[in-house]
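Asks: Here you go, this is start_38.txt (compact mmCIF, C-alpha atoms).
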```txt
# COMPACT_ATOMS: atom_id res chain seq x y z
CA MET A 6 -136.79 159.24 -3.18
CA TYR A 7 -138.06 162.05 -5.35
CA HIS A 8 -140.53 163.12 -2.73
CA LYS A 9 -138.21 162.38 0.19
CA ARG A 10 -135.44 164.59 -1.18
CA GLY A 11 -137.86 167.43 -1.64
CA LEU A 12 -137.16 167.76 -5.31
CA TRP A 13 -140.78 168.78 -5.84
CA ALA A 14 -140.23 171.79 -3.58
CA ILE A 15 -137.05 172.84 -5.37
CA LYS A 16 -138.85 172.58 -8.70
CA ALA A 17 -141.76 174.59 -7.44
CA LYS A 18 -139.40 177.26 -6.11
CA ASN A 19 -137.74 177.50 -9.50
CA GLY A 20 -140.95 177.72 -11.50
CA GLY A 21 -141.67 174.14 -12.44
CA VAL A 22 -138.22 173.32 -13.75
CA PHE A 23 -135.30 171.88 -11.86
CA PRO A 24 -132.57 174.56 -11.66
CA LYS A 25 -129.65 174.05 -13.98
CA HIS A 26 -126.32 175.81 -14.02
CA GLU A 27 -124.32 176.50 -17.12
CA LYS A 28 -121.52 174.11 -17.82
CA LYS A 29 -118.12 175.76 -17.58
CA ALA A 30 -116.54 176.15 -20.98
CA ILE A 31 -113.49 173.94 -21.15
CA ALA A 32 -110.50 175.73 -22.68
CA ALA A 33 -109.36 173.69 -25.63
CA ALA A 34 -106.15 171.85 -24.70
CA PRO A 35 -103.25 172.55 -27.07
CA THR A 36 -102.86 169.68 -29.51
CA GLU A 37 -100.00 167.44 -28.44
CA LYS A 38 -97.63 166.00 -30.95
CA PRO A 39 -97.24 162.24 -30.66
CA PRO A 40 -93.94 161.53 -28.77
CA LYS A 41 -90.96 160.51 -30.85
CA PHE A 42 -89.85 157.82 -28.46
CA TYR A 43 -91.82 155.33 -26.40
CA PRO A 44 -89.77 153.64 -23.67
CA ALA A 45 -89.86 149.84 -23.75
CA ASP A 46 -91.02 149.43 -20.12
CA ASP A 47 -93.40 151.66 -18.29
CA ILE A 48 -91.54 154.14 -16.09
CA LYS A 49 -92.89 154.28 -12.59
CA LYS A 50 -93.98 157.70 -11.52
CA PRO A 51 -93.56 158.61 -7.87
CA LEU A 52 -96.79 159.11 -5.96
CA VAL A 53 -98.07 162.60 -5.42
CA ASN A 54 -96.91 164.12 -2.11
CA LYS A 55 -98.59 167.37 -1.14
CA ARG A 56 -97.16 167.57 2.38
CA LYS A 57 -95.52 170.82 3.35
CA ALA A 58 -92.63 171.15 5.76
CA ARG A 59 -93.74 172.98 8.88
CA PRO A 60 -92.11 173.57 12.25
CA THR A 61 -93.14 170.99 14.84
CA LYS A 62 -96.45 171.72 16.47
CA LEU A 63 -95.73 173.49 19.72
CA ARG A 64 -97.48 172.09 22.78
CA ALA A 65 -100.15 174.40 24.13
CA SER A 66 -98.43 174.42 27.51
CA ILE A 67 -95.27 175.97 26.06
CA THR A 68 -95.57 179.74 25.57
CA PRO A 69 -92.80 182.35 25.51
CA GLY A 70 -91.57 182.78 29.06
CA THR A 71 -92.47 179.27 30.27
CA VAL A 72 -90.02 177.59 32.60
CA LEU A 73 -89.03 174.26 31.07
CA ILE A 74 -87.25 171.29 32.63
CA ILE A 75 -84.64 169.80 30.30
CA LEU A 76 -84.61 166.04 30.48
CA ALA A 77 -81.57 164.94 28.50
CA GLY A 78 -78.12 166.07 27.57
CA ARG A 79 -75.50 167.75 29.72
CA PHE A 80 -78.09 170.11 31.16
CA LYS A 81 -80.55 167.45 32.23
CA GLY A 82 -82.68 168.50 35.16
CA LYS A 83 -81.99 172.18 34.63
CA ARG A 84 -84.89 174.57 34.77
CA VAL A 85 -84.68 176.95 31.90
CA VAL A 86 -86.64 179.83 30.31
CA PHE A 87 -88.25 179.31 26.90
CA LEU A 88 -87.81 182.17 24.43
CA LYS A 89 -89.23 181.16 21.08
CA GLN A 90 -89.62 178.33 18.60
CA LEU A 91 -87.24 178.40 15.66
CA THR A 92 -88.22 177.53 12.10
CA SER A 93 -86.61 174.10 12.43
CA GLY A 94 -89.07 173.32 15.23
CA LEU A 95 -86.46 173.40 17.98
CA LEU A 96 -87.03 175.57 21.02
CA LEU A 97 -84.72 178.52 21.73
CA VAL A 98 -83.93 178.50 25.39
CA THR A 99 -81.72 180.34 27.87
CA GLY A 100 -80.71 179.60 31.49
CA PRO A 101 -80.26 182.56 32.03
CA PHE A 102 -76.53 181.82 31.86
CA LYS A 103 -75.65 183.67 35.05
CA ILE A 104 -78.24 181.76 37.05
CA ASN A 105 -77.74 178.17 35.99
CA GLY A 106 -75.05 178.02 33.32
CA VAL A 107 -77.33 177.19 30.42
CA PRO A 108 -76.49 179.47 27.47
CA LEU A 109 -78.70 180.43 24.54
CA ARG A 110 -79.37 176.99 23.22
CA ARG A 111 -81.66 174.95 21.05
CA VAL A 112 -83.60 172.13 22.62
CA ASN A 113 -86.03 169.61 21.21
CA GLN A 114 -89.58 169.82 22.45
CA SER A 115 -89.67 166.09 23.15
CA TYR A 116 -86.90 166.31 25.72
CA VAL A 117 -88.60 168.93 27.81
CA ILE A 118 -91.26 169.12 30.50
CA ALA A 119 -93.24 172.35 30.48
CA THR A 120 -94.04 173.70 33.93
CA SER A 121 -96.87 176.11 34.53
CA THR A 122 -94.50 178.78 35.86
CA LYS A 123 -94.17 181.71 33.47
CA VAL A 124 -91.61 184.51 33.34
CA ASP A 125 -92.34 187.86 31.74
CA ILE A 126 -90.37 187.93 28.52
CA SER A 127 -91.57 191.19 26.98
CA GLY A 128 -88.32 193.03 27.60
CA VAL A 129 -86.27 190.55 25.57
CA ASN A 130 -85.53 190.84 21.86
CA VAL A 131 -85.04 187.44 20.26
CA GLU A 132 -85.57 188.45 16.64
CA LYS A 133 -82.00 187.91 15.53
CA PHE A 134 -81.73 184.28 16.62
CA ASP A 135 -82.43 181.57 14.10
CA ASP A 136 -81.11 178.15 13.21
CA LYS A 137 -78.19 179.53 11.21
CA TYR A 138 -76.89 181.32 14.31
CA PHE A 139 -76.46 177.94 15.97
CA GLY A 140 -75.07 176.09 12.98
CA LYS A 141 -71.57 174.61 13.06
CA LYS A 142 -68.92 176.91 11.69
CA VAL A 143 -67.54 175.58 8.40
CA GLU A 144 -63.73 175.60 8.50
CA LYS A 145 -61.52 175.85 5.49
CA LYS A 146 -60.07 172.44 4.72
CA LYS A 147 -56.32 172.39 5.12
CA THR A 148 -54.23 169.84 3.35
CA LYS A 149 -52.47 167.99 6.08
CA GLY A 150 -48.97 166.68 5.81
CA GLU A 151 -47.69 164.25 8.44
CA GLY A 152 -45.91 166.94 10.39
CA GLU A 153 -48.85 169.23 10.32
CA PHE A 154 -51.23 166.61 11.71
CA PHE A 155 -50.25 167.21 15.30
CA GLU A 156 -50.38 170.97 14.98
CA ALA A 157 -53.82 170.87 13.41
CA GLU A 158 -55.18 168.88 16.32
CA LYS A 159 -54.09 171.55 18.75
CA GLU A 160 -56.27 174.10 16.99
CA GLU A 161 -59.47 172.06 17.30
CA LYS A 162 -60.79 173.90 20.33
CA SER A 163 -62.30 177.13 19.08
CA LEU A 164 -63.08 179.93 21.48
CA LEU A 165 -66.57 181.29 21.76
CA PRO A 166 -66.71 184.50 19.74
CA GLN A 167 -67.22 187.66 21.77
CA GLU A 168 -70.31 188.44 19.73
CA LYS A 169 -72.11 185.40 21.15
CA LYS A 170 -71.14 186.35 24.66
CA ASP A 171 -72.59 189.81 24.12
CA ASP A 172 -75.80 188.34 22.74
CA GLN A 173 -76.10 186.18 25.83
CA LYS A 174 -75.60 189.16 28.10
CA SER A 175 -78.14 191.33 26.33
CA VAL A 176 -80.82 188.63 26.37
CA ASP A 177 -80.21 187.78 29.98
CA ALA A 178 -80.08 191.35 31.30
CA ALA A 179 -83.79 192.02 31.01
CA LEU A 180 -84.69 188.46 31.99
CA ILE A 181 -82.70 188.46 35.20
CA LYS A 182 -84.42 191.64 36.34
CA THR A 183 -87.88 190.12 35.97
CA ILE A 184 -86.70 186.89 37.59
CA GLU A 185 -85.31 188.65 40.63
CA ALA A 186 -88.62 190.41 41.10
CA VAL A 187 -90.28 187.09 41.96
CA PRO A 188 -89.23 185.67 45.35
CA ASP A 189 -87.36 182.35 45.19
CA LEU A 190 -87.52 182.17 41.40
CA LYS A 191 -83.79 182.73 41.03
CA SER A 192 -82.85 179.87 43.31
CA TYR A 193 -85.57 177.76 41.65
CA LEU A 194 -83.96 178.24 38.25
CA GLY A 195 -80.56 177.56 39.75
CA ALA A 196 -81.61 174.20 41.17
CA ARG A 197 -81.87 171.00 39.19
CA PHE A 198 -85.05 168.96 39.10
CA SER A 199 -84.94 165.40 40.38
CA LEU A 200 -87.43 162.75 41.38
CA ARG A 201 -87.53 161.93 45.05
CA ALA A 202 -89.00 158.94 46.83
CA GLY A 203 -92.75 158.82 46.48
CA MET A 204 -92.94 161.18 43.51
CA LYS A 205 -94.97 159.67 40.74
CA PRO A 206 -94.38 161.58 37.49
CA HIS A 207 -97.76 160.68 36.05
CA GLU A 208 -99.45 162.13 39.13
CA LEU A 209 -97.30 165.23 39.49
CA VAL A 210 -98.65 168.55 38.36
CA PHE A 211 -95.91 170.54 36.70
CA MET B 29 -138.46 150.04 41.85
CA SER B 30 -140.42 149.11 44.91
CA VAL B 31 -141.02 152.10 47.09
CA ALA B 32 -140.84 151.27 50.75
CA ASN B 33 -144.13 151.24 52.57
CA PRO B 34 -144.05 154.34 54.76
CA ASN B 35 -145.72 152.41 57.54
CA LEU B 36 -142.70 150.16 57.74
CA HIS B 37 -140.38 153.19 57.92
CA TYR B 38 -138.97 152.15 61.25
CA LEU B 39 -137.71 148.89 59.73
CA HIS B 40 -135.25 150.83 57.55
CA HIS B 41 -133.65 152.26 60.59
CA TYR B 42 -130.70 149.95 60.95
CA ARG B 43 -129.93 151.28 64.34
CA LEU B 44 -129.77 148.42 66.79
CA ASP B 45 -131.29 149.58 70.01
CA PRO B 46 -129.15 147.98 72.70
CA SER B 47 -131.67 148.32 75.46
CA SER B 48 -134.18 146.24 73.53
CA ARG B 49 -131.72 143.35 73.23
CA ARG B 50 -131.10 142.73 76.86
CA SER B 51 -133.31 142.97 79.80
CA THR B 52 -130.38 143.23 82.19
CA SER B 53 -129.04 146.58 83.28
CA GLN B 54 -125.70 145.91 81.62
CA THR B 55 -125.52 147.38 78.11
CA PRO B 56 -122.77 145.98 75.87
CA LYS B 57 -120.07 148.20 74.40
CA MET B 58 -121.42 149.46 71.06
CA PRO B 59 -119.25 148.12 68.21
CA PHE B 60 -120.69 150.52 65.67
CA LYS B 61 -120.96 154.27 66.03
CA ARG B 62 -122.03 155.38 62.57
CA TYR B 63 -125.29 153.97 61.27
CA VAL B 64 -126.95 153.94 57.91
CA GLU B 65 -129.97 156.10 58.50
CA ILE B 66 -131.91 158.71 56.65
CA GLY B 67 -129.94 161.91 56.89
CA ARG B 68 -126.55 160.25 57.34
CA ILE B 69 -123.83 162.07 55.40
CA ALA B 70 -121.51 159.72 53.53
CA LEU B 71 -118.41 160.12 51.41
CA VAL B 72 -118.40 158.45 48.01
CA ASN B 73 -115.25 156.34 47.75
CA TYR B 74 -115.60 154.86 44.26
CA GLY B 75 -116.97 155.79 40.91
CA LYS B 76 -117.92 158.87 38.99
CA ASP B 77 -118.78 160.88 42.11
CA TYR B 78 -115.60 159.95 43.96
CA GLY B 79 -114.88 162.30 46.86
CA LYS B 80 -118.33 163.85 47.07
CA LEU B 81 -120.35 164.21 50.24
CA VAL B 82 -123.83 162.79 49.82
CA VAL B 83 -126.87 162.38 52.03
CA ILE B 84 -128.56 159.00 52.44
CA VAL B 85 -132.10 159.83 51.62
CA ASP B 86 -133.68 156.38 51.56
CA VAL B 87 -132.66 152.74 51.77
CA ILE B 88 -133.61 150.62 48.79
CA ASP B 89 -132.62 147.18 49.97
CA GLN B 90 -129.89 145.44 51.88
CA ASN B 91 -127.18 146.70 49.55
CA ARG B 92 -128.30 149.99 48.10
CA ALA B 93 -129.28 153.41 49.25
CA LEU B 94 -130.96 156.30 47.57
CA VAL B 95 -128.49 159.09 47.75
CA ASP B 96 -128.70 162.81 47.06
CA ALA B 97 -126.48 165.88 47.07
CA PRO B 98 -127.05 169.50 46.09
CA ASP B 99 -124.98 169.16 42.91
CA MET B 100 -126.10 165.76 41.67
CA VAL B 101 -129.20 163.99 40.49
CA ARG B 102 -130.71 161.83 43.20
CA GLY B 103 -129.78 158.21 42.49
CA GLN B 104 -129.02 154.82 43.90
CA MET B 105 -125.62 153.81 45.19
CA ASN B 106 -124.32 150.59 46.65
CA PHE B 107 -123.28 150.88 50.28
CA LYS B 108 -119.91 149.55 49.30
CA ARG B 109 -119.31 152.81 47.48
CA LEU B 110 -120.07 154.86 50.54
CA THR B 111 -118.07 155.58 53.67
CA LEU B 112 -120.21 156.86 56.50
CA THR B 113 -119.23 160.01 58.33
CA ASP B 114 -120.12 161.29 61.78
CA ILE B 115 -122.44 163.92 60.43
CA LYS B 116 -126.20 163.42 60.36
CA ILE B 117 -128.91 165.84 59.37
CA ASP B 118 -132.58 165.93 60.21
CA ILE B 119 -134.69 165.16 57.16
CA ASN B 120 -137.72 163.13 56.22
CA ARG B 121 -137.49 160.19 53.88
CA VAL B 122 -136.75 161.40 50.33
CA PRO B 123 -137.12 165.14 50.79
CA LYS B 124 -137.51 167.58 47.94
CA LYS B 125 -134.27 169.03 46.65
CA LYS B 126 -135.07 172.43 48.13
CA THR B 127 -135.77 171.00 51.58
CA LEU B 128 -132.62 168.92 51.38
CA VAL B 129 -130.47 171.92 50.50
CA ALA B 130 -132.11 173.95 53.26
CA ALA B 131 -131.51 171.19 55.79
CA LEU B 132 -127.85 170.97 54.76
CA GLU B 133 -127.48 174.71 55.20
CA ALA B 134 -129.21 174.65 58.57
CA ALA B 135 -126.98 171.87 59.88
CA ASP B 136 -123.90 173.67 58.46
CA VAL B 137 -122.60 170.40 57.07
CA LYS B 138 -119.94 172.02 54.90
CA ASN B 139 -118.22 173.80 57.77
CA LYS B 140 -118.56 170.84 60.10
CA TRP B 141 -116.93 168.63 57.49
CA GLU B 142 -114.13 171.03 56.64
CA SER B 143 -113.28 171.56 60.29
CA SER B 144 -113.28 167.85 61.14
CA SER B 145 -109.88 166.17 61.09
CA TRP B 146 -110.99 163.83 58.28
CA GLY B 147 -112.20 166.73 56.18
CA ARG B 148 -109.04 168.73 56.84
CA LYS B 149 -106.89 165.77 55.80
CA LEU B 150 -108.71 165.52 52.48
CA ILE B 151 -108.26 169.21 51.84
CA VAL B 152 -104.54 168.94 52.50
CA GLN B 153 -104.27 165.92 50.22
CA LYS B 154 -106.01 167.82 47.42
CA LYS B 155 -103.76 170.82 47.90
CA ARG B 156 -100.63 168.70 47.80
CA ALA B 157 -101.75 166.94 44.64
CA SER B 158 -102.32 170.24 42.86
CA LEU B 159 -98.92 171.72 43.69
CA ASN B 160 -96.84 173.22 40.92
CA ASP B 161 -93.15 172.33 40.49
CA PHE B 162 -92.31 175.85 41.70
CA ASP B 163 -94.63 175.42 44.69
CA ARG B 164 -92.90 172.20 45.65
CA PHE B 165 -89.58 174.00 45.51
CA LYS B 166 -90.84 176.80 47.74
CA ILE B 167 -92.22 174.27 50.22
CA MET B 168 -88.85 172.53 50.31
CA LEU B 169 -87.15 175.82 51.17
CA ALA B 170 -89.73 176.51 53.87
CA LYS B 171 -89.29 173.05 55.38
CA ILE B 172 -85.52 173.49 55.54
CA LYS B 173 -85.93 176.90 57.15
CA LYS B 174 -88.39 175.57 59.73
CA ALA B 175 -86.13 172.64 60.54
CA GLY B 176 -83.26 175.04 61.03
CA VAL B 177 -85.22 177.17 63.46
CA VAL B 178 -86.38 174.10 65.40
CA ARG B 179 -82.85 172.78 65.60
CA GLN B 180 -81.59 176.11 66.91
CA GLU B 181 -84.20 176.16 69.65
CA LEU B 182 -83.41 172.57 70.54
CA ALA B 183 -79.73 173.38 70.75
CA LYS B 184 -80.54 176.27 73.05
CA LEU B 185 -82.60 174.04 75.30
CA LYS B 186 -79.89 171.40 75.37
CA LYS B 187 -77.37 174.02 76.36
CA GLU B 188 -79.59 175.18 79.23
CA THR B 189 -80.07 171.70 80.64
CA THR B 190 -76.38 170.85 80.51
CA ALA B 191 -75.30 174.21 81.88
```
Take the structure from the file and write it as C-alpha cells.

Replies:
Amino acid sequence: MYHKRGLWAIKAKNGGVFPKHEKKAIAAAPTEKPPKFYPADDIKKPLVNKRKARPTKLRASITPGTVLIILAGRFKGKRVVFLKQLTSGLLLVTGPFKINGVPLRRVNQSYVIATSTKVDISGVNVEKFDDKYFGKKVEKKKTKGEGEFFEAEKEEKSLLPQEKKDDQKSVDAALIKTIEAVPDLKSYLGARFSLRAGMKPHELVF
Amino acid sequence: MSVANPNLHYLHHYRLDPSSRRSTSQTPKMPFKRYVEIGRIALVNYGKDYGKLVVIVDVIDQNRALVDAPDMVRGQMNFKRLTLTDIKIDINRVPKKKTLVAALEAADVKNKWESSSWGRKLIVQKKRASLNDFDRFKIMLAKIKKAGVVRQELAKLKKETTA
C-alpha cells in the first residue's frame, strides 16, 4: 500500500520526510463548576435539526409572465398570469381581473399547470405585494349580548377596500396592454381550460 | 456473423418472379407490392429508432436485415420492427456510408417521403402532438371560423336551389 499510494513520491518531493502540518492550538476550555443538581432520570435532548425554512422550490417551467392553468378552487380551469413567488412559497397571480375575473390572488404551485405561453411582465411593479397583504383582517372582538348577536351577523360581509381595487387596476393596466398586443391572447385568457374527448393529459404539451 | 456469399446474392432477392412460376400466359394478381430488397426504404415501427427511415442494406437471415441510415450506426434489425415503404434506391449490397448518403440524395428520398400521403400524415401527427395549449385554442377558433364560412356558403347554395 505504501508504494501504491505513492507515499514514496510525496516523501521525495518533501525532502525525505513525510510532510507534517502543525496541530492547531486548542483554546483552553473554561473550567466548569460541577453542577449543583443532577436530575434523577436522564432528560432526553431533542435531535439536532439544521433545516432552514425556505420558499417552495419553484418549477423551472414557471417564470414571471407564464400563463398558468388553475386546477382547483372557484377559479378552476382559468388561465391566469403568474407575477411572482411570495416568501411563503405561494404564487402571486392575476387574471387580469378585467379579462377573466381572477383578482390578485395567491395560488399553490401544486394546483397549477404551467403552460409554455409567456406574457411580458416588465411593465408591472409587484414589489409591494407580500403574504401580509393577503392575510385575513383581524377584527376587534366585540362582547356579544343576545340582542346584539343578530346585528353582529349582519356586519360579517366586509367590502373590499378601495386600496385593493386600485392595486388591481394598476397591476392590470400594463398587463392588459401587452396582452392585447398578441392576437387571440385576450380571448385565450378569458376562456376556461377543459379536457375534451380524446385528450390525454399525460400526452398533451402545455 | 456469417456474411452472405456474394455469388448467392440473387437468393437474397425475395422478389417472386411471377413469370417463372407459371408457363401459361396468365399471370396471377400480385398479392405483394413492396418487397424486402437491398435499397428498400423502411420505417422503423418499434424500438429506440422509432419513426426513422432506414435503408435495407443486406439481409442476414429469414428474420433480420442489416439496416443503415445517415444518422445511425449500421446495425441489424428484425423485420418485425420494420414497415416497408414504396421507396427504393439503387445501391449495392452494404455500401459505404458515403455512397449510401449520396444515393439517398440522388434519389431524393426525403422529398419523396415528405410529399407522399403517408409521410404527410406522419408530419401532421407530429405537429399535432407538439401543439401548445395556446396553439390548440387558436386552432379551435380557426375551426369555428372555417365552419361558419362553410355553413354560410351552403346556406347560399341551398337558397339558390330552392329559389

Asks: Considering all atoms listed in the file, extract the chain B residues located within 12 Å of chain A and return them as a list of chain:residue names.

Replies: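 Filtering chain B at 12 Å from chain A with all atoms listed in the file gives B:Lys154, B:Lys155, B:Arg156, B:Ala157, B:Ser158, B:Leu159, B:Asn160, B:Asp161, B:Phe162, B:Asp163, B:Arg164, B:Phe165, B:Lys166, B:Ile167, B:Met168, B:Leu169, B:Ala170.
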
Asks: Within 10 Å of (-122.3, 155.1, 48.7) in the file's own coordinates, which protein, DNA or RNA residues have an atom, counting only C-alpha atoms? List them as a ChimeraX atom specification.

Replies: /B:69-75,77-78,80-84,91-95,104-112

Asks: May I ask which of the residues B:Lys187, B:Lys76, B:Lys171, B:Arg179 is the closest one to Met100 of chain B, counting only C-alpha atoms?

Replies: B:Lys76

Asks: Counting all atoms listed in the file, which residues sit no farther than 9 Å from the position (-87.1, 174.8, 17.7) in the file's frame? I'd like them as a compact mmCIF listing (two decimals) with C-alpha atoms, keeping the file's coordinate frame.

Replies:
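Wrote out19.txt, looks like this:
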```
# COMPACT_ATOMS: atom_id res chain seq x y z
CA PRO A 60 -92.11 173.57 12.25
CA THR A 61 -93.14 170.99 14.84
CA LEU A 63 -95.73 173.49 19.72
CA LYS A 89 -89.23 181.16 21.08
CA GLN A 90 -89.62 178.33 18.60
CA LEU A 91 -87.24 178.40 15.66
CA THR A 92 -88.22 177.53 12.10
CA SER A 93 -86.61 174.10 12.43
CA GLY A 94 -89.07 173.32 15.23
CA LEU A 95 -86.46 173.40 17.98
CA LEU A 96 -87.03 175.57 21.02
CA LEU A 97 -84.72 178.52 21.73
CA ARG A 111 -81.66 174.95 21.05
CA VAL A 112 -83.60 172.13 22.62
CA ASN A 113 -86.03 169.61 21.21
CA GLN A 114 -89.58 169.82 22.45
CA ASP A 135 -82.43 181.57 14.10
CA ASP A 136 -81.11 178.15 13.21
```

Asks: Identify which of the residues B:Pro59, B:Ile115, B:Lys124, B:Val64 lies closest to Asn139 of chain B, counting only C-alpha atoms when measuring atom-to-atom distances.

Replies: B:Ile115

Asks: Enter the distance from atom CA of Arg59 of chain A to atom CA of Ala77 of chain A, in Å, rounded to one decimal.

Replies: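 It comes out at 24.4 Å.
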